[in-house]
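Notes follow once the structure below has been shown.
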Amino acid sequence: MVEIFHFLCSLLNIVETMGIAARSNPLAFDEDVPFFALGLINSAIELGGQSIGQHPKLLALIQDELFRNLMQFGLSSSPLILSMVCSIVLNLYHHLRTKLKLQLEAFFSCVIIRLAQSKYGASYQQQEVAMEALVDFCRQPTFMPEMYANLDCDITCANIFEELGNLLSRSAFPVNCPLSAMHILALDGLIAVIHSMADRVTAASPLPEPVPVKEIEEYAPFWTINCESYEDANHWVEFVRRKKYIKRRLMIGADHFNRDAKKGLEFLQGTHLLPEKLDHQSVACFFRYTAGLDKNLVGDFLGNHDEFCVKVLHEFAKTFDFQDMNLDTALRLFLETFRLPGEAQKIQRVLEAFSERYYEQSSGILADKDAAFLLSYSLIMLNTDQHNVQVKKKMTEEDFIRNNRHINAGKDLPRDYLAELYHAIVKNEIRTIYEQSLFPEMNPSRWIDLIRKSQKTPPYIVCDSRPFLDHDMFAIISGPTIAAISVVFDHAEDEDVFHTCVDGFLAVAKMSACHHLEDVLDDLVVSLCKFTTLLNPAASVEEPLLAFGDDTKARMATVTVFTIANRFGDYIRTGWRNILDCILRLHKLGLLPARVASDAAEDPDLANDSMHGKPLSGTPSISHIPVVGTPRRSSGLMGRFSQLLSLDTDEPRSQPTEQQLAAHQRTVQTIQKCHIDSIFTESKFLQAESLLQLARALIWAAGRPQKGSSSPEDEDTAVFCLELLIAITLNNRDRIMLLWQGVYEHIAGIVQSTVMPCALVEKAVFGLLRICQRLLPYKENLADELLRSLQLILKLDARVADAYCEHITQEVMRLVKANAGHIKSPMGWRTVSSLLSITARHPEASECGFEALSFIMSDGAHLTQANYVLCLDATRAFAESRVGLADRSLRALDLMTESVKCLIRWSKSVSVDWKTVGDSREDTSKSSQEIGEMWLRLAHGLRKVCLEQREEVRNYALLSLQRCLSAADAICLTPSVWLQCFDQVIFTMLDDLLEIAQGHSPKEYRNMEGTLHHAMKFLSKIFLQFLDQLFTLPNFRKLWLGVLSRMEKYMKAKLRGKGSDKLQELIPELLKNMLLILKAQGVLMQRSTLGGDSLWELTWLHVKGISPSLQAELFPDLEPEAETEPKSDDYSSAAETVGSEVATADSGQNGVNAKKLESEERGGS
């Protein structure tokens, strides 16, 4: 087998057998023989397979001689030869790739990549064959991962994977030419690579998270890093990623070095790739193993006379293996790594280092390193002589031999040896100026070096179906891939090519999502959106409809965009803006599904409608709110066609053509395939960052609210974006805190900038109410924040608030009825009560507002200590409101009166807690005090309504106040509360009523005499009912004198210029009854005759002013002297006492406490 193979390879040794120069065309003869040999070799490899690798001699033949000839025939101008060579290499890859690592690198770099690029002079047929071969390789699932792991991640090898990816993407670009088969072929290869990655992602479960490579923390020789096991993925994956990281850093260092050598070395020191204190070995290895270095700079550095540079030069020479290598070959290999300096001294230093290394490894012909140096220098001179056009007289073989006499330790070198060196230089120039290309052509010296390296190179890593390196690989080629597919898609006209591109787009999207490459996915979305044609400006709205229906590419791009948005939306970031631009365009064309702006839990009926256009300009998203706004124009797609056919004409409308109907049908089907509504209805499944970016994109698309009028187009866009924003907010109630700040600020901007009613502010207000309605039951911890947001409604411009007040109140009523139990804090209730209080003055809204308030207060169902005072104030607003019938005011008073039952219940609860639970006296006292203050607030609110102009309301309020105070028996009230009640409520009310009766005309306040009559009865009843508690008060005397003072004032009151017969008849009777009870209970009696009794004497002073005969009638048994009139001096003294105490009761504490309560009420409301 070895002999057969050797014979077949000998048939390929064209250069040797026919004497053809290495750089000339190797197939300027009959190609049948080599083609026949190649065919047999291909068959042998297919049949032998992996078993060939078990025969060392056969394997060595393939590694060296066969592959060297394949490299040579790979540059053949014959497509058949090239195709056969590529087929052989593909078979070798399948069966023996683990033994051919560097050979495969050389084949792709020196054959495939060179031929596939026209800039190297290859014919179109060569390019096509090379591209077909490359695509065949790309279709092998493990080819690209293995190229990346074995070559791109090896600092001594070229970036074959990256170069192949760039080659495919560049070859897919049609530059100044129509799309050709070559472009499609390159695209197929590129998509095949992406599909392989996508298939590995699908097979991997779960997908391993790529761990970022740690930065290098301390210096270690980068060229000595080894892997513990090349078969265990747990070891080699981390190892190759580490090597790739180092390689990238080295390339960055090379870029810095090429601009400034010193800064380049400092950069590498900063990244710990070179030691903090530079040593010659590390710098030499940097020069030797780093690709992309400027060879001129490296040559200047190595030729420098500085001691450090000289040491680096010698270390650099030691990195070469010249064992068993001819001098000219070794010299070529050495000088390929840098450009030989032009100065003689630098050349000398370089050649001295080379000669020393070569002599160490020479076969023994040379006597010493000086002989090696002199002969090397002679070869350089011969090279210049033979290949410099300026030298006319060329050196002959004899001249060369003569020039090198006695250089080998005083002896001559063998003539044949020198002749061989002479002819090698003459036939093949030593190039001291090499192209900077990463992929130079292969020559004998490079091949010899390659074979030697292959014996020491790390083992070949075999990849399986797991996506260990796909994240890093995809990050490298994603950008060129998207650009290539986009360009082909743009230039293509064939539908099959469209489908190929779409498959590529979806595979790229899948890879981007699976590997969390958000930027890549955003770039893809941006690129795709351009092909939808939806973003293109059009002269009219109708123009794009027909164009879109007839444009297959645009429809496919649209479906692809929304497919990506639905499948991989988790990883879209800025791309949401472009997607929303497309959605807005479809909205303006009237092509969106009806449910696109609804949330998943509502509006189920809308799902039956297939299409809809612009929403009603003034329609809130809640179905039960009546429409306030402009009429809706025809927005269905057929309506669009009808408008198109009769646009701006008075002629009768014609029927759409079959072509237009077909375009319409295609458009409908396309939009249905997009499932645009799912983006928003399923937004609850989006990852947090993507959801936040979607919300921000909606806010951005809506535009910044501006005061004054905006164009209807802008307002329609803003309304639609707000609908979508509200929809995703409602769909993401579990993550509301993520969105709330942005949503609130956007709505606040709309509310605060709008000065006239419009659809946008209506949508904002009702959207805000809708959010609160839906989220309050689920987010109690957010209740305060949600309810606080409703304060925006209080900031509406008066015209806007008036236009929507009724509907706002209806929504607040629904909110209260559905969520009263979820509103806990005073702040939340303050917002609700403020909204309800305002409605009391609005004719249309007041009934709904009162219904909501009744729901809260009726039977105390939702009254709490947190909302009691706030609800009282709101109810009083309805009681005092003259909007509507007086019956509502009476019902409001009933609500206030009935609320005392809650106070009784709470008071009993406090007592029970103190007895059973064992609350401290301090806590109990505080709770009782709070309840007492609420009771006092209730009484104070009723007092104010007692001053109403409407007689019916006024008298009913007086009755309600009496009922409220009468119920205080069941409430534990402190003495101070009773004093405040009389001072702030009862006495103040009596004084105010009297002032109103005397100071206003009967037309303003009808039948005030009757009200005063009721007030006196009220005073007597309350005083007597609570006499036991009042008598124990330290200030009882002052309180009693206050009662007598008011009765005396009412007795003497002048109404319409004359006294009131009713009052003059009633008051003595009431006073008599009160005095009798005081006497019976021992409150009023003559205590002592010595020094006088102030309560006794002062009481009779007032009584005499009301009914002089009462004393004799009630106390007939008093001694005569006690009944006599006091002396004038005593009377004056008593009168002063009465005056001062009554004045104190009337105006002192009374006024101070009243002011305090007024301020508390203002603060509460």
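Identifiers in the structure tokens: chain A, B, ... in order shown; residue index from 1 per chain; ligand index from 1 in order shown.
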Near-Arg950 (chain A) list (8 Å; only C-alpha atoms; drop same-chain fewer than 2 positions) as JSON, numbers by chain
{"A": [948, 952, 953, 954, 1005, 1006]}
What lies within 9 Å of Asn819 (chain A) using only C-alpha atoms, ignoring chain neighbours under 3 positions off, as a compact mmCIF listing (two decimals) with C-alpha atoms, in the first residue's frame?
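The result, stored in around.txt:
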```txt
# COMPACT_ATOMS: atom_id res chain seq x y z
CA GLN A 773 -58.80 49.49 39.09
CA LEU A 776 -55.21 47.46 43.41
CA PRO A 777 -56.55 43.96 44.23
CA ARG A 814 -66.13 51.58 40.04
CA LEU A 815 -62.70 51.73 41.60
CA VAL A 816 -64.17 52.30 45.04
CA HIS A 822 -57.79 47.24 49.44
CA ILE A 823 -57.40 50.91 50.29
```
I'd like the neighbourhood of region 575-577 of chain A as an mmCIF file with C-alpha atoms, in the first residue's frame, where a residue qualifies if any of its atoms comes within 7 Å (using only C-alpha atoms), though same-chain residues fewer than 2 positions away should be ignored.
```cif
data_model
loop_
_atom_site.group_PDB
_atom_site.id
_atom_site.type_symbol
_atom_site.label_atom_id
_atom_site.label_comp_id
_atom_site.auth_asym_id
_atom_site.auth_seq_id
_atom_site.Cartn_x
_atom_site.Cartn_y
_atom_site.Cartn_z
ATOM 1 C CA ASP A 522 -30.932 44.611 17.609
ATOM 2 C CA VAL A 525 -34.003 43.864 13.596
ATOM 3 C CA VAL A 526 -32.794 47.230 12.321
ATOM 4 C CA ILE A 572 -34.447 42.687 21.906
ATOM 5 C CA ARG A 573 -33.357 46.019 23.333
ATOM 6 C CA ILE A 579 -40.407 47.351 15.421
ATOM 7 C CA LEU A 580 -42.717 50.029 16.832
ATOM 8 C CA ASP A 581 -42.084 52.222 13.818
ATOM 9 C CA LEU A 694 -40.327 47.992 25.044
ATOM 10 C CA ALA A 697 -39.680 52.566 23.078
#
```
Ranking A:Lys263, A:Val135, A:Lys456, A:Pro212 by minimum distance to Thr156 (chain A) and counting only C-alpha atoms, which one comes first?
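That would be A:Lys456, the residue with the smallest distance to Thr156 (chain A).
Omitting region 529-537 of chain A and its sequence neighbours fewer than 3 positions away, and counting only C-alpha atoms, the residues within 9 Å are Ser486, Phe489, Asp490, Leu524, Val525, Val526, Ser540, Pro544, Ala547, Phe548, Lys553, Ala554, Arg555, Met556, Ala557, Thr558, Val559, Val561, Asn578, Ile579, Asp581, Cys582, Ile583, Arg585 and Leu586 of chain A.
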Under the rule that only C-alpha atoms are counted, which of A:Glu811, A:Ile52, A:Tyr868, A:Leu698 is the nearest residue to Gly849 (chain A)?
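The answer is A:Glu811, which sits nearest to Gly849 (chain A).
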Once DSSP has gone over the backbone, tell me which residues of region 982-1082 of chain A are in alpha helix (DSSP H), as a ChimeraX atom specification.
/A:987-999,1008-1025,1027-1031,1036-1052,1061-1080
Applying 12 Å and only C-alpha atoms, which residues near Ser881 (chain A) remain after dropping the ones on its own chain fewer than 3 positions away? List them as a PyMOL selection string.
chain A and resi 837-843+846-847+850+874-878+884-890+892-893+945+948-950+953
Near Thr142 (chain A), within 9 Å and counting only C-alpha atoms, which residues show up once chain neighbours fewer than 5 positions away are dropped, as JSON, numbers by chain?
{"A": [147, 196, 462, 463, 464, 465]}
Restricted to C-alpha atoms, what would the selected residues look like written as a PDB file, in the first residue's frame?
```pdb
ATOM      1  CA  MET A 147     -11.057  25.234  12.875  1.00  0.00           C
ATOM      2  CA  SER A 196     -25.013  24.180  12.263  1.00  0.00           C
ATOM      3  CA  VAL A 462     -12.266  16.937  17.991  1.00  0.00           C
ATOM      4  CA  CYS A 463     -15.581  18.752  18.526  1.00  0.00           C
ATOM      5  CA  ASP A 464     -18.925  17.052  18.945  1.00  0.00           C
ATOM      6  CA  SER A 465     -22.510  18.341  18.738  1.00  0.00           C
TER       7      SER A 465
END
```
With only C-alpha atoms as the basis for distance, which of A:Glu352, A:Ala371, A:Glu880, A:Phe505 is at the shortest distance from Leu413 (chain A)?
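Among A:Glu352, A:Ala371, A:Glu880, A:Phe505, it is A:Ala371 that comes nearest to Leu413 (chain A).
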Contacts of Ile1022 (chain A) at 9 Å or less, counting only C-alpha atoms, minus same-chain residues fewer than 6 places along, as a PDB file with N, CA, C and O atoms, in the first residue's frame?
```pdb
ATOM      1  N   GLN A 962     -78.427  66.528  66.849  1.00  0.00           N
ATOM      2  CA  GLN A 962     -78.990  66.065  68.118  1.00  0.00           C
ATOM      3  C   GLN A 962     -78.877  64.545  68.239  1.00  0.00           C
ATOM      4  O   GLN A 962     -78.493  64.022  69.287  1.00  0.00           O
ATOM      5  N   LEU A 965     -75.221  63.647  68.968  1.00  0.00           N
ATOM      6  CA  LEU A 965     -74.793  63.896  70.336  1.00  0.00           C
ATOM      7  C   LEU A 965     -75.500  62.971  71.321  1.00  0.00           C
ATOM      8  O   LEU A 965     -74.912  62.561  72.325  1.00  0.00           O
ATOM      9  N   SER A 966     -76.732  62.639  71.002  1.00  0.00           N
ATOM     10  CA  SER A 966     -77.471  61.762  71.912  1.00  0.00           C
ATOM     11  C   SER A 966     -76.849  60.374  71.970  1.00  0.00           C
ATOM     12  O   SER A 966     -76.925  59.690  72.991  1.00  0.00           O
TER      13      SER A 966
END
```
Between A:Trp906, A:Phe685, A:Phe143, A:Phe1031, which has the minimum distance to Tyr571 (chain A) (counting only C-alpha atoms)?
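Comparing A:Trp906, A:Phe685, A:Phe143, A:Phe1031 against Tyr571 (chain A), the winner is A:Phe685.
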If I take CA of Ile448 (chain A) and CA of Met325 (chain A), how far is one from the other in Å, to one decimal?
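CA of Met325 (chain A) lies at a distance of 8.4 Å from CA of Ile448 (chain A).
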Kindly indicate which residue among A:Leu994, A:Leu375, A:Cys964, A:Leu958 lies nearest to Arg943 (chain A), using only C-alpha atoms for the distances.
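Closest residue, counting only C-alpha atoms: A:Leu958.
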Using only C-alpha atoms, find the one residue out of A:Ser362, A:Ser169, A:Thr552, A:Thr1011 that sits nearest to Thr481 (chain A).
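Selected residue with least distance to Thr481 (chain A): A:Ser169.
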